[in-house]
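As stored in coords26.cif (mmCIF, C-alpha atoms):
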data_model
#
loop_
_atom_site.label_atom_id
_atom_site.label_comp_id
_atom_site.auth_asym_id
_atom_site.auth_seq_id
_atom_site.Cartn_x
_atom_site.Cartn_y
_atom_site.Cartn_z
CA MET A 158 0.00 0.00 0.00
CA LEU A 159 2.76 2.37 0.97
CA ARG A 160 4.53 1.59 -2.25
CA ILE A 161 1.45 2.44 -4.28
CA MET A 162 1.11 5.69 -2.40
CA TRP A 163 4.70 6.60 -3.20
CA PHE A 164 4.11 5.70 -6.83
CA LEU A 165 1.06 7.92 -7.01
CA LEU A 166 2.92 10.71 -5.29
CA ALA A 167 5.77 10.40 -7.77
CA ILE A 168 3.36 10.57 -10.70
CA LEU A 169 1.57 13.55 -9.24
CA THR A 170 4.71 15.54 -8.52
CA SER A 171 6.21 14.70 -11.90
CA SER A 172 3.17 16.03 -13.71
CA VAL A 173 3.36 19.15 -11.57
CA THR A 174 6.96 19.83 -12.49
CA SER A 175 6.43 19.22 -16.20
CA ALA A 176 3.49 21.59 -16.17
CA ASP A 177 5.75 24.10 -14.49
CA VAL A 178 8.42 23.75 -17.15
CA SER A 179 6.05 24.36 -20.02
CA ALA A 180 4.60 27.39 -18.22
CA VAL A 181 2.23 28.76 -20.81
CA TYR A 182 2.14 32.45 -21.48
CA GLY A 183 -0.73 34.08 -23.23
CA PHE A 184 -0.08 36.07 -26.37
CA ASP A 185 -2.46 38.27 -28.31
CA THR A 186 -1.14 37.31 -31.70
CA ARG A 187 0.71 34.45 -33.32
CA SER A 188 3.55 36.75 -34.36
CA GLU A 189 4.05 37.91 -30.77
CA GLU A 190 4.33 34.32 -29.67
CA GLN A 191 6.81 33.65 -32.45
CA ARG A 192 8.82 36.70 -31.35
CA TYR A 193 8.89 35.35 -27.81
CA GLN A 194 10.01 31.92 -29.00
CA ASN A 195 12.79 33.47 -31.11
CA LEU A 196 13.97 35.62 -28.22
CA ILE A 197 14.19 32.81 -25.70
CA ALA A 198 15.87 30.59 -28.28
CA GLU A 199 18.76 33.01 -28.76
CA LEU A 200 19.30 33.82 -25.10
CA ARG A 201 21.71 31.61 -23.24
CA CYS A 202 21.23 30.29 -19.74
CA PRO A 203 24.03 31.53 -17.45
CA LYS A 204 23.69 28.54 -15.13
CA CYS A 205 23.42 25.64 -17.54
CA GLN A 206 25.78 27.10 -20.01
CA ASN A 207 25.14 25.20 -23.19
CA GLN A 208 21.41 25.55 -23.20
CA ASN A 209 19.27 28.42 -24.27
CA ILE A 210 16.67 29.65 -21.84
CA ALA A 211 13.93 28.04 -23.93
CA ASP A 212 15.37 24.58 -23.27
CA SER A 213 16.59 24.96 -19.73
CA ASN A 214 14.47 24.25 -16.65
CA SER A 215 16.85 25.94 -14.24
CA PRO A 216 15.17 28.51 -11.98
CA ILE A 217 17.21 31.31 -13.46
CA SER A 218 16.04 30.44 -16.99
CA LYS A 219 12.50 30.48 -15.76
CA ASP A 220 13.06 33.93 -14.29
CA MET A 221 14.61 35.08 -17.54
CA ARG A 222 11.72 33.76 -19.64
CA ASN A 223 9.38 35.47 -17.27
CA ALA A 224 11.31 38.74 -17.61
CA VAL A 225 11.25 38.46 -21.41
CA TYR A 226 7.51 37.93 -21.33
CA GLN A 227 6.93 40.81 -18.92
CA MET A 228 9.02 43.18 -21.02
CA MET A 229 7.16 42.13 -24.15
CA GLN A 230 3.87 42.86 -22.45
CA GLU A 231 5.20 46.30 -21.58
CA GLY A 232 5.96 46.90 -25.23
CA ALA A 233 9.75 46.60 -25.20
CA SER A 234 11.56 45.96 -28.47
CA ASN A 235 13.75 42.90 -29.00
CA ASP A 236 16.91 44.98 -28.60
CA GLU A 237 15.68 46.52 -25.38
CA ILE A 238 14.86 43.10 -23.95
CA VAL A 239 18.21 41.60 -24.89
CA GLU A 240 20.11 44.67 -23.66
CA SER A 241 18.30 44.59 -20.34
CA LEU A 242 19.32 40.97 -19.77
CA VAL A 243 22.86 41.63 -20.95
CA GLY A 244 23.01 44.52 -18.46
CA ARG A 245 22.31 42.04 -15.67
CA PHE A 246 23.99 38.83 -16.76
CA GLY A 247 26.62 40.05 -19.19
CA GLU A 248 27.36 39.54 -22.86
CA PHE A 249 27.49 35.83 -22.11
CA VAL A 250 23.73 35.42 -22.40
CA LYS A 251 23.75 36.33 -26.07
CA TYR A 252 24.27 33.46 -28.45
CA LYS A 253 25.07 36.06 -31.10
CA PRO A 254 27.62 38.39 -29.51
CA ASP A 255 28.19 41.86 -30.97
CA LEU A 256 31.15 42.34 -33.25
CA ASP A 257 33.86 44.15 -31.29
CA SER A 258 37.56 43.82 -30.55
CA ARG A 259 37.01 40.89 -28.17
CA THR A 260 34.72 38.91 -30.45
CA PHE A 261 36.49 39.76 -33.69
CA VAL A 262 38.49 36.53 -33.76
CA LEU A 263 35.33 34.55 -33.04
CA TRP A 264 33.44 36.10 -35.92
CA ALA A 265 36.39 36.11 -38.30
CA THR A 266 37.48 32.51 -37.76
CA PRO A 267 35.07 30.97 -40.31
CA ALA A 268 36.09 33.52 -42.95
CA ILE A 269 39.77 32.97 -42.17
CA ALA A 270 39.33 29.20 -42.38
CA VAL A 271 37.51 29.42 -45.72
CA LEU A 272 40.11 31.82 -47.08
CA GLY A 273 42.94 29.58 -45.90
CA GLY A 274 41.29 26.55 -47.48
CA LEU A 275 40.83 28.43 -50.76
CA LEU A 276 44.50 29.42 -50.73
CA VAL A 277 45.54 25.81 -50.24
CA VAL A 278 43.25 24.63 -53.07
CA VAL A 279 44.52 27.36 -55.40
CA GLY A 280 48.09 26.46 -54.47
CA VAL A 281 47.52 22.77 -55.21
CA VAL A 282 45.81 23.49 -58.55
CA VAL A 283 48.45 25.95 -59.67
CA ARG A 284 51.26 23.60 -58.77
CA SER A 285 49.73 20.59 -60.52
CA ARG A 286 49.15 22.68 -63.67
CA ARG A 287 52.70 23.92 -63.58
CA SER A 288 54.17 20.45 -63.12
CA GLY A 289 51.86 19.18 -65.92
CA THR A 290 53.15 21.68 -68.48
CA ALA A 291 56.66 21.53 -67.19
CA ALA A 292 56.99 17.79 -67.86
CA PRO A 293 59.39 17.65 -70.82
CA ALA A 294 57.90 16.30 -73.99
CA LEU A 295 59.54 13.17 -75.36
CA SER A 296 62.09 13.69 -78.06
CA ALA A 297 61.71 12.01 -81.47
CA ASP A 298 64.38 9.49 -80.49
CA GLU A 299 62.55 8.50 -77.33
CA GLN A 300 59.26 8.23 -79.20
CA ALA A 301 60.85 5.82 -81.66
CA ARG A 302 62.30 3.79 -78.80
CA ILE A 303 58.91 3.50 -77.09
CA LYS A 304 57.26 2.33 -80.30
CA LYS A 305 59.95 -0.26 -80.73
CA MET A 306 59.56 -1.51 -77.16
CA LEU A 307 55.79 -1.73 -77.45
CA ALA A 308 56.01 -3.54 -80.73
CA GLU A 309 58.46 -6.00 -79.19
CA LYS A 310 56.12 -6.58 -76.28
CA ASP A 311 53.25 -7.26 -78.67
CA ARG A 312 55.27 -9.80 -80.57
CA ASN A 313 56.35 -11.58 -77.38
CA GLY A 314 52.78 -11.65 -76.17
CA LYS A 315 51.58 -13.38 -79.33
CA ALA A 316 54.40 -15.89 -79.32
CA MET B 189 59.70 27.70 -49.95
CA LYS B 190 59.35 23.89 -49.92
CA ARG B 191 61.21 23.79 -46.61
CA PHE B 192 58.95 26.38 -45.13
CA LEU B 193 55.85 24.43 -46.18
CA LEU B 194 57.15 21.40 -44.31
CA PHE B 195 57.09 23.40 -41.10
CA LEU B 196 53.62 24.80 -41.70
CA PRO B 197 51.74 22.03 -39.81
CA LEU B 198 54.09 22.48 -36.86
CA LEU B 199 53.47 26.22 -36.86
CA VAL B 200 49.71 25.74 -37.01
CA ALA B 201 49.91 23.19 -34.18
CA ILE B 202 51.94 25.61 -32.03
CA VAL B 203 49.57 28.53 -32.61
CA VAL B 204 46.45 26.44 -31.94
CA GLY B 205 48.17 24.79 -28.98
CA ALA B 206 49.11 28.13 -27.41
CA PHE B 207 45.55 29.39 -27.90
CA LEU B 208 44.01 26.30 -26.31
CA PHE B 209 46.61 26.15 -23.54
CA ALA B 210 45.63 29.65 -22.46
CA GLY B 211 42.13 28.32 -21.88
CA ILE B 212 43.16 25.43 -19.63
CA GLY B 213 42.31 26.03 -15.99
CA LYS B 214 39.80 28.74 -16.75
CA ASP B 215 36.50 27.88 -15.14
CA PRO B 216 33.83 28.60 -17.74
CA THR B 217 31.09 28.50 -15.12
CA LYS B 218 32.49 31.62 -13.46
CA LEU B 219 31.28 34.65 -15.33
CA ASP B 220 32.34 38.22 -14.81
CA SER B 221 29.49 40.23 -13.46
CA ALA B 222 27.94 42.71 -15.85
CA LEU B 223 27.49 45.01 -12.86
CA VAL B 224 31.15 45.59 -12.07
CA GLY B 225 31.67 49.34 -12.09
CA LYS B 226 27.95 50.02 -11.79
CA PRO B 227 25.99 50.97 -8.69
CA VAL B 228 23.90 48.40 -6.85
CA PRO B 229 20.48 48.28 -8.58
CA VAL B 230 17.65 50.29 -7.07
CA PHE B 231 15.54 48.12 -4.81
CA GLY B 232 13.07 48.25 -1.95
CA LEU B 233 12.82 45.04 0.03
CA LYS B 234 12.03 44.00 3.56
CA SER B 235 14.66 43.17 6.11
CA LEU B 236 14.83 39.50 7.06
CA LYS B 237 15.44 40.15 10.71
CA GLN B 238 13.08 43.14 11.12
CA PRO B 239 10.09 42.29 8.91
CA GLU B 240 8.62 45.78 9.22
CA ALA B 241 11.78 47.59 8.05
CA THR B 242 12.30 48.34 4.37
CA LEU B 243 15.80 48.39 2.97
CA ASP B 244 17.08 50.10 -0.15
CA GLU B 245 20.33 50.68 -2.02
CA SER B 246 21.47 53.38 0.43
CA LEU B 247 22.38 50.42 2.66
CA PHE B 248 25.65 50.16 0.75
CA GLN B 249 26.75 53.76 1.26
CA GLY B 250 29.55 54.66 3.63
CA GLU B 251 31.92 51.71 3.73
CA VAL B 252 33.18 48.79 1.72
CA THR B 253 30.89 45.80 2.25
CA LEU B 254 30.47 42.25 1.10
CA LEU B 255 27.07 41.31 -0.26
CA ASN B 256 26.55 37.59 0.19
CA VAL B 257 23.71 35.88 -1.69
CA TRP B 258 22.45 32.81 0.13
CA GLY B 259 19.46 30.59 0.79
CA THR B 260 18.70 27.69 3.07
CA TRP B 261 18.03 25.52 -0.01
CA CYS B 262 21.63 25.95 -1.11
CA PRO B 263 24.05 23.30 0.19
CA ALA B 264 27.14 25.28 -0.80
CA CYS B 265 25.88 28.17 1.33
CA ARG B 266 25.98 25.79 4.28
CA ASP B 267 29.60 25.02 3.40
CA GLU B 268 30.70 28.62 3.39
CA HIS B 269 28.76 29.66 6.46
CA ALA B 270 31.54 28.93 8.92
CA ASP B 271 33.94 30.98 6.82
CA LEU B 272 31.51 33.89 6.74
CA MET B 273 31.31 33.70 10.53
CA TRP B 274 35.08 33.80 10.66
CA LEU B 275 35.18 36.82 8.34
CA ALA B 276 32.60 38.69 10.38
CA GLN B 277 34.07 37.87 13.78
CA GLU B 278 37.82 37.69 13.23
CA LYS B 279 38.28 40.00 10.27
CA LYS B 280 35.49 42.42 11.18
CA VAL B 281 34.24 42.47 7.60
CA PRO B 282 30.83 44.06 7.24
CA ILE B 283 28.71 41.48 5.42
CA ILE B 284 25.25 42.18 4.13
CA GLY B 285 23.19 39.12 3.30
CA LEU B 286 20.75 38.70 0.46
CA ASN B 287 18.40 35.89 1.39
CA TYR B 288 17.52 34.70 -2.10
CA LYS B 289 14.32 32.83 -2.97
CA ASP B 290 13.91 31.49 0.49
CA SER B 291 11.33 31.45 3.25
CA ARG B 292 11.73 33.79 6.18
CA ASP B 293 11.06 31.16 8.83
CA GLU B 294 13.63 28.73 7.52
CA ALA B 295 16.18 31.48 7.04
CA LEU B 296 15.75 32.69 10.61
CA VAL B 297 16.09 29.16 11.97
CA TRP B 298 19.28 28.78 9.93
CA LEU B 299 20.79 31.97 11.36
CA ASP B 300 19.73 30.97 14.83
CA ARG B 301 21.30 27.56 14.57
CA LEU B 302 24.47 28.33 12.62
CA GLY B 303 25.19 31.84 13.78
CA ASP B 304 24.59 35.16 12.11
CA PRO B 305 27.52 36.71 10.23
CA TYR B 306 25.35 39.38 8.63
CA ARG B 307 25.03 42.99 9.67
CA THR B 308 21.74 43.15 7.81
CA VAL B 309 19.91 40.63 5.65
CA ILE B 310 17.78 41.69 2.70
CA TYR B 311 14.81 39.38 2.31
CA ASP B 312 14.25 38.65 -1.38
CA PRO B 313 11.79 35.74 -1.60
CA LYS B 314 11.00 36.28 -5.29
CA GLY B 315 14.59 36.90 -6.27
CA THR B 316 13.93 40.31 -7.82
CA LEU B 317 17.08 41.99 -6.53
CA GLY B 318 18.95 38.78 -7.25
CA PHE B 319 17.75 38.98 -10.84
CA ASP B 320 18.81 42.61 -11.15
CA LEU B 321 22.22 41.69 -9.74
CA GLY B 322 22.57 38.93 -12.33
CA VAL B 323 22.68 36.21 -9.69
CA TYR B 324 22.54 32.85 -11.44
CA GLY B 325 23.39 30.51 -8.61
CA ALA B 326 23.92 30.91 -4.91
CA PRO B 327 26.26 31.43 -3.22
CA GLU B 328 27.59 34.56 -4.83
CA THR B 329 29.53 37.28 -3.07
CA PHE B 330 29.85 40.85 -4.29
CA VAL B 331 32.38 43.41 -3.14
CA ILE B 332 30.68 46.79 -2.97
CA ASP B 333 32.63 49.98 -2.37
CA ALA B 334 31.78 52.85 -0.04
CA SER B 335 29.79 54.69 -2.71
CA GLY B 336 27.66 51.63 -3.44
CA VAL B 337 29.38 50.59 -6.66
CA VAL B 338 29.93 46.89 -7.40
CA ARG B 339 33.65 46.17 -7.59
CA TYR B 340 33.76 42.40 -7.91
CA ARG B 341 31.54 39.34 -7.97
CA HIS B 342 32.67 35.94 -6.77
CA VAL B 343 30.60 32.92 -7.79
CA GLY B 344 30.88 29.92 -5.48
CA VAL B 345 31.82 29.43 -1.88
CA VAL B 346 33.96 31.85 0.06
CA ASN B 347 36.73 30.22 2.05
CA VAL B 348 40.05 31.32 3.52
CA GLU B 349 41.81 30.91 0.20
CA VAL B 350 39.22 32.87 -1.77
CA TRP B 351 39.29 35.55 0.91
CA GLU B 352 43.05 35.95 0.93
CA GLN B 353 43.68 35.65 -2.78
CA ILE B 354 40.63 37.27 -4.31
CA LEU B 355 38.36 39.23 -2.01
CA LEU B 356 40.85 40.89 0.30
CA PRO B 357 42.91 42.51 -2.49
CA VAL B 358 39.72 43.85 -4.10
CA ILE B 359 38.48 45.17 -0.77
CA GLU B 360 41.79 46.85 0.01
CA GLU B 361 41.81 48.50 -3.37
CA ALA B 362 38.24 49.67 -2.90
CA ARG B 363 39.13 51.10 0.51
CA GLU B 364 42.10 53.00 -0.88
CA ASN B 365 40.18 54.47 -3.78
CA GLY B 366 37.05 55.19 -1.82
#

Would you mind writing the structure in this file as structure tokens?
Amino acid sequence: MLRIMWFLLAILTSSVTSADVSAVYGFDTRSEEQRYQNLIAELRCPKCQNQNIADSNSPISKDMRNAVYQMMQEGASNDEIVESLVGRFGEFVKYKPDLDSRTFVLWATPAIAVLGGLLVVVGVVVRSRRSGTAAPALSADEQARIKKMLAEKDRNGKA
Amino acid sequence: MKRFLLFLPLLVAIVVGAFLFAGIGKDPTKLDSALVGKPVPVFGLKSLKQPEATLDESLFQGEVTLLNVWGTWCPACRDEHADLMWLAQEKKVPIIGLNYKDSRDEALVWLDRLGDPYRTVIYDPKGTLGFDLGVYGAPETFVIDASGVVRYRHVGVVNVEVWEQILLPVIEEARENG
């Protein structure tokens, strides 16, 4: 009996927590809801660092989602909302950091890698072309010798 | 030219290695506070110990203080409590507590049982001031200078080592400049 009670209790509390996680906010329009979803998807949870606040169930993410919703209801723009959270939690919470001297390397790395790869490819192509044309053509003598050798091989093969 | 190309992989490995090596030992879970250099956010919250008294940011005016964020639900806060007692009693450090997302009764029992290192405790059951301070996990300890400006934020427990190597130098600097 006790075991069944525990089981029921576990089921009850689990449904409570999952309801809590998917805390539903009311939105007037579909586009507002979409805006909210986009915002919480690109804000990063400071506690559980590789999750966005949409995915994370940590209390701080819940607070942040709540703050985003509240600010939206008060008519704040996306930039204002993000800036207000950055002002509290730091640049860290943005999955897309601004381009400045600290983040330059981060933003430039893909371009540098592509450029480097292109350079390597160009280098390989150029070199193979050069070595292709640079290979000395056979002289008339050598051509004659090859023909003779091939002919000899043919004869041996038939024999 | 050919020779140089042979050394290219080595060069790349050294550059990447140096870059990655610089990152070893850095704790990515410790973030710099966005509030460093800014005043403590405006707030109006009840005192934990005197429920009728309202506290605000003027609490941090006048001397360099530590602001310690804690809650009875936080096991690491239990760990650092003895060290906070030591700081308050032996080092005479003024510590202001921020009781974060907690219940008053439990918090008072905790202080009664373990001792009270705090000059004042701000009672923040909903975590509003905590949110404005960018608190993302208790315990956190802020160094706040005499004009109420945040100088440093330490995430994690305070112990003798953290005190000597991190907090004390920041406090001394804040005292000199304030």

Which residues of chain A come within 8 Å of chain B, and what is each one's closest atom pair and distance in Å (one decimal), counting all atoms listed in the file, sorted by chain and residue number, as JSON lines?
{"residue": "A:Pro203", "atom": "CA", "partner": "B:Tyr324", "partner_atom": "CA", "distance": 6.3}
{"residue": "A:Lys204", "atom": "CA", "partner": "B:Tyr324", "partner_atom": "CA", "distance": 5.8}
{"residue": "A:Gln206", "atom": "CA", "partner": "B:Thr217", "partner_atom": "CA", "distance": 7.4}
{"residue": "A:Ile217", "atom": "CA", "partner": "B:Tyr324", "partner_atom": "CA", "distance": 5.9}
{"residue": "A:Asp220", "atom": "CA", "partner": "B:Phe319", "partner_atom": "CA", "distance": 7.7}
{"residue": "A:Val243", "atom": "CA", "partner": "B:Ala222", "partner_atom": "CA", "distance": 7.3}
{"residue": "A:Gly244", "atom": "CA", "partner": "B:Ala222", "partner_atom": "CA", "distance": 5.9}
{"residue": "A:Arg245", "atom": "CA", "partner": "B:Gly322", "partner_atom": "CA", "distance": 4.6}
{"residue": "A:Phe246", "atom": "CA", "partner": "B:Gly322", "partner_atom": "CA", "distance": 4.7}
{"residue": "A:Gly247", "atom": "CA", "partner": "B:Ala222", "partner_atom": "CA", "distance": 4.5}
{"residue": "A:Glu248", "atom": "CA", "partner": "B:Ala222", "partner_atom": "CA", "distance": 7.7}
{"residue": "A:Phe249", "atom": "CA", "partner": "B:Leu219", "partner_atom": "CA", "distance": 7.9}

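Between Val338 (chain B) and the residues B:Leu208, B:Ile310, B:Leu255, B:Val203, the shortest atom-to-atom distance, using all atoms listed in the file, involves B:Leu255.
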
(request) Tell me, in Å to one decimal, how far CA of Thr253 (chain B) is from CA of Leu233 (chain B). (result) 18.2 Å

(request) Report the distance between CA of Asn287 (chain B) and CA of Met228 (chain A) in Å, rounded to one decimal place. (result)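 CA of Met228 (chain A) lies at a distance of 25.4 Å from CA of Asn287 (chain B).
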
(request) Go ahead and compute the interatomic distance for CA of Leu194 (chain B) and CA of Leu275 (chain A), in Å to one decimal. (result)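 It comes out at 18.9 Å.
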
(message) Evaluated on this file, the PyMOL selection byres ((chain A and resi 192) around 12) picks out some residues - which ones are they, written as a PyMOL selection string?
(response) chain A and resi 184-191+193-199+225-226+229-230+233-236+238

(message) Taking 6 positions as the minimum chain separation for residues in the same chain, which residues sit within 10 Å of Tyr252 (chain A) when counting all atoms listed in the file? Answer as a PyMOL selection string.
(response) chain A and resi 198-202+207-209

(request) Go through B:Ser246, B:Ile283, B:Trp298, B:Asp293 and flag the residue nearest Arg266 (chain B), using all atoms listed in the file for the distances. (result) B:Trp298

(request) Step by step: start from the point (16.8, 36.0, 8.0) in the file's coordinates, keep every protein, DNA or RNA residue that has an atom no farther than 10 Å from it, count all atoms listed in the file, and write the set as a VMD selection string. (result) chain B and resid 235 to 239 259 to 260 285 to 287 290 to 300 304 306 308 to 311

(message) So that I can see what lies close to Gly344 (chain B), please list as number ranges by chain the residues with an atom at most 12 Å from it, counting all atoms listed in the file and leaving out residues fewer than 3 positions away in the same chain.
(response) B: 215, 217-219, 256-258, 262-268, 323-330, 341, 347, 350-351

(message) Which residue is closest to Val348 (chain B)? Choose from B:Leu317, B:Leu275, B:Val204, B:Leu247 and count only C-alpha atoms.
(response)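 Answer, going by the shortest atom-to-atom distance: B:Leu275.
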